[in-house]
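J.: Pasting query_28.cif below, which is mmCIF, C-alpha atoms.
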```
data_structure
loop_
_atom_site.label_atom_id
_atom_site.label_comp_id
_atom_site.auth_asym_id
_atom_site.auth_seq_id
_atom_site.Cartn_x
_atom_site.Cartn_y
_atom_site.Cartn_z
CA PHE H 1 32.62 26.07 180.68
CA PHE H 2 33.82 27.60 183.96
CA ALA H 3 30.33 28.52 185.15
CA ALA H 4 29.25 24.87 184.98
CA SER H 5 32.49 23.53 186.47
CA PRO H 6 32.54 22.10 190.00
CA TRP H 7 35.89 23.86 190.47
CA ARG H 8 36.51 27.33 191.79
CA VAL H 9 38.27 29.24 189.05
CA ALA H 10 39.96 32.63 188.98
CA ILE H 11 40.30 34.35 185.64
CA VAL H 12 43.03 36.97 185.88
CA ALA H 13 44.12 39.74 183.50
CA SER H 14 47.31 41.38 184.62
CA SER H 15 48.58 44.33 182.66
CA SER H 16 49.25 48.00 182.61
CA TRP H 17 47.30 50.19 180.26
CA SER H 18 48.96 52.71 177.94
CA HIS H 19 52.74 52.62 177.80
CA GLY H 20 54.80 55.74 177.26
CA SER H 21 57.48 53.78 175.45
CA LEU H 22 54.90 52.58 172.92
CA THR H 23 52.95 55.80 172.39
CA ALA H 24 54.50 57.28 169.25
CA LYS H 25 52.15 60.29 169.19
CA HIS H 26 53.74 61.44 172.47
CA ARG H 27 57.27 60.82 171.17
CA ARG H 28 57.38 57.75 173.43
CA LEU H 29 57.80 60.01 176.47
CA TYR H 30 54.56 59.51 178.39
CA PRO H 31 51.48 57.26 178.30
CA ASP H 32 48.12 58.10 176.73
CA VAL H 33 46.42 59.06 179.99
CA VAL H 34 43.34 60.33 178.15
CA ALA H 35 42.80 56.90 176.57
CA ASP H 36 43.35 55.27 179.97
CA ARG H 37 40.69 57.54 181.48
CA ARG H 38 38.27 56.39 178.77
CA LEU H 39 38.87 52.76 179.75
CA ARG H 40 38.29 53.65 183.40
CA ALA H 41 35.06 55.43 182.44
CA ASP H 42 34.03 52.30 180.50
CA LEU H 43 34.51 50.20 183.64
CA ASP H 44 32.43 52.62 185.68
CA GLY H 45 29.71 53.09 183.06
CA GLY H 46 29.29 49.58 181.68
CA SER H 47 30.83 50.11 178.23
CA TRP H 48 33.61 47.62 179.05
CA THR H 49 31.39 44.94 177.52
CA ARG H 50 32.20 46.45 174.12
CA TRP H 51 35.98 46.41 174.49
CA GLY H 52 36.14 43.57 172.00
CA GLU H 53 35.10 46.12 169.37
CA LEU H 54 38.19 48.30 169.94
CA SER H 55 40.27 48.49 166.78
CA ARG H 56 43.86 47.38 166.63
CA ASP H 57 44.77 50.84 165.36
CA SER H 58 43.22 52.59 168.38
CA ILE H 59 44.92 50.18 170.78
CA GLU H 60 48.31 50.68 169.11
CA ASP H 61 47.82 54.47 168.89
CA ALA H 62 47.33 54.60 172.67
CA GLY H 63 50.21 52.21 173.39
CA GLN H 64 47.71 49.90 175.07
CA HIS H 65 48.84 46.51 173.75
CA GLU H 66 48.41 44.94 177.19
CA VAL H 67 44.73 45.93 177.19
CA LEU H 68 44.25 42.83 175.03
CA ASN H 69 44.46 40.84 178.29
CA TRP H 70 41.63 42.94 179.72
CA ILE H 71 39.56 42.44 176.57
CA CYS H 72 39.69 38.67 177.07
CA LEU H 73 38.74 39.10 180.72
CA ALA H 74 35.89 41.46 179.82
CA GLY H 75 34.48 38.93 177.36
CA ALA H 76 34.56 36.14 179.93
CA MET H 77 33.02 38.33 182.64
CA ALA H 78 30.28 39.59 180.31
CA ALA H 79 29.42 35.97 179.46
CA LEU H 80 29.12 35.23 183.19
CA GLY H 81 27.09 38.37 183.88
CA ARG H 82 29.72 39.82 186.23
CA ARG H 83 30.15 43.54 186.91
CA PRO H 84 33.50 45.18 187.67
CA GLN H 85 34.44 46.97 190.85
CA VAL H 86 37.41 49.28 190.40
CA VAL H 87 39.66 48.93 193.43
CA ASP H 88 42.09 51.64 192.38
CA PHE H 89 43.18 53.59 189.33
CA VAL H 90 46.60 55.24 189.31
CA GLU H 91 47.29 57.42 186.33
CA SER H 92 50.80 58.51 185.55
CA TRP H 93 52.34 61.13 183.33
CA VAL H 94 55.91 60.42 184.46
CA PHE H 95 56.10 56.65 184.83
CA ASN H 96 55.72 54.29 181.94
CA SER H 97 52.03 53.45 182.35
CA SER H 98 48.81 53.96 184.26
CA LYS H 99 47.57 51.14 186.48
CA CYS H 100 44.06 49.90 187.12
CA PHE H 101 43.05 47.34 189.71
CA ALA H 102 39.58 45.84 189.41
CA VAL H 103 37.68 42.74 190.48
CA PHE H 104 34.58 41.10 189.07
CA PRO H 105 33.10 39.52 192.19
CA PRO H 106 30.65 36.61 192.03
CA GLY H 107 27.03 37.71 191.66
#
```
Before we go any further, please render this structure as structure tokens.
T.:
Amino acid sequence: FFAASPWRVAIVASSSWSHGSLTAKHRRLYPDVVADRRLRADLDGGSWTRWGELSRDSIEDAGQHEVLNWICLAGAMAALGRRPQVVDFVESWVFNSSKCFAVFPPG
């Protein structure tokens, strides 16, 4: 739909990744940084196109409920043939969540 539109459209997914307050396996004290690193590696290596296959259990286990926004974005960008460029990735063991900033520029 958007690819054929005469309008310029921005599709945005804004979220943090794992959340310490939602990560029960870490006693809700710190985020699942290891799971966040896997998502970052997916962006770098091309596996982000399979994020739609992530299970609800794995998302909840990592406290990554907001990654659902990224999954929608990944599906749209895969359909358009876009590739991500990670602008920055800030992992955190002391704050509530890691942050990733990426763009999918026009081809």
J.: State, in Å with one decimal place, the distance from atom CA of H:Ala3 to atom CA of H:Trp48.
T.: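 Going from atom CA of H:Ala3 over to atom CA of H:Trp48 covers 20.3 Å.
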J.: Could you write out as a PyMOL selection string the residues that the PyMOL selection byres ((chain H and resi 4-9) around 12) matches in the shown file?
T.: chain H and resi 1-3+10-12+80+105-106
J.: Go ahead and write the selection's residues with C-alpha atoms as a PDB file, keeping the file's coordinate frame.
T.:
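The file below, selection.pdb, is the result:
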```pdb
ATOM      1  CA  PHE H   1      32.620  26.070 180.680  1.00  0.00           C
ATOM      2  CA  PHE H   2      33.820  27.600 183.960  1.00  0.00           C
ATOM      3  CA  ALA H   3      30.330  28.520 185.150  1.00  0.00           C
ATOM      4  CA  ALA H  10      39.960  32.630 188.980  1.00  0.00           C
ATOM      5  CA  ILE H  11      40.300  34.350 185.640  1.00  0.00           C
ATOM      6  CA  VAL H  12      43.030  36.970 185.880  1.00  0.00           C
ATOM      7  CA  LEU H  80      29.120  35.230 183.190  1.00  0.00           C
ATOM      8  CA  PRO H 105      33.100  39.520 192.190  1.00  0.00           C
ATOM      9  CA  PRO H 106      30.650  36.610 192.030  1.00  0.00           C
TER      10      PRO H 106
END
```
J.: Please determine, counting all atoms listed in the file, which residue among H:Arg50, H:Val87, H:Arg37, H:Asp57 has the shortest atom-to-atom distance to H:Cys72.
T.: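 Result for the nearest residue to H:Cys72: H:Arg50.
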J.: Any idea what the distance is between atom CA of H:Val90 and atom CA of H:Glu53?
T.: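 Atom CA of H:Glu53 lies 24.8 Å from atom CA of H:Val90.
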J.: Suppose you want the space between atom CA of H:Leu39 and atom CA of H:Ser21; what is it in Å?
T.: 19.1 Å
J.: If we count all atoms listed in the file and set the cut-off at 6 Å, which residues sit around stretch 28-31 of chain H, ignoring sequence neighbours fewer than 4 positions away in its own chain? Please answer as a VMD selection string.
T.: chain H and resid 18 to 24 93 97
J.: Using the chain letters and numbering of this document, enumerate as a list of chain:residue names the residues selected by the PyMOL selection byres ((chain H and resi 84) around 6).
T.: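 Answer for the PyMOL selection byres ((chain H and resi 84) around 6): H:Arg83, H:Gln85, H:Val103, H:Phe104.
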J.: Select, from H:Gly81, H:Phe95, H:Ser16, H:Asp36, the residue with the minimum atom-to-atom distance to H:Ser58, counting only C-alpha atoms.
T.: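 Of the candidates, the smallest distance to H:Ser58 is held by H:Asp36.
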J.: Using all atoms listed in the file, find the one residue out of H:Val94, H:Leu54, H:Leu73, H:Leu68 that sits nearest to H:Asp32.
T.: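 The shortest atom-to-atom distance to H:Asp32 comes from H:Val94.
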J.: Tell me which of H:Ala13, H:Cys100, H:Val86, H:Ala76 sits closest to H:Val33, counting only C-alpha atoms.
T.: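 Checking each candidate against H:Val33, we get H:Cys100 as the closest.
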J.: Using all atoms listed in the file, which of H:Thr49, H:Ala79, H:Glu60, H:Ala41 sits nearest H:Lys25?
T.: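 So, comparing all the options, the nearest one is H:Glu60.
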J.: I need the residue set behind the PyMOL selection byres ((chain H and resi 66) around 8) for this file; please write it as a list of chain:residue names.
T.: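 With the PyMOL selection byres ((chain H and resi 66) around 8) on this model, the match is H:Ser15, H:Ser16, H:Trp17, H:Ser18, H:Gln64, H:His65, H:Val67, H:Leu68, H:Asn69, H:Trp70.
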J.: Point out the residue among H:Arg40, H:Ala35, H:Asp61, H:Arg27 with the least atom-to-atom distance to H:Asp88, counting only C-alpha atoms.
T.: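 For H:Asp88, the nearest of the given residues is H:Arg40.
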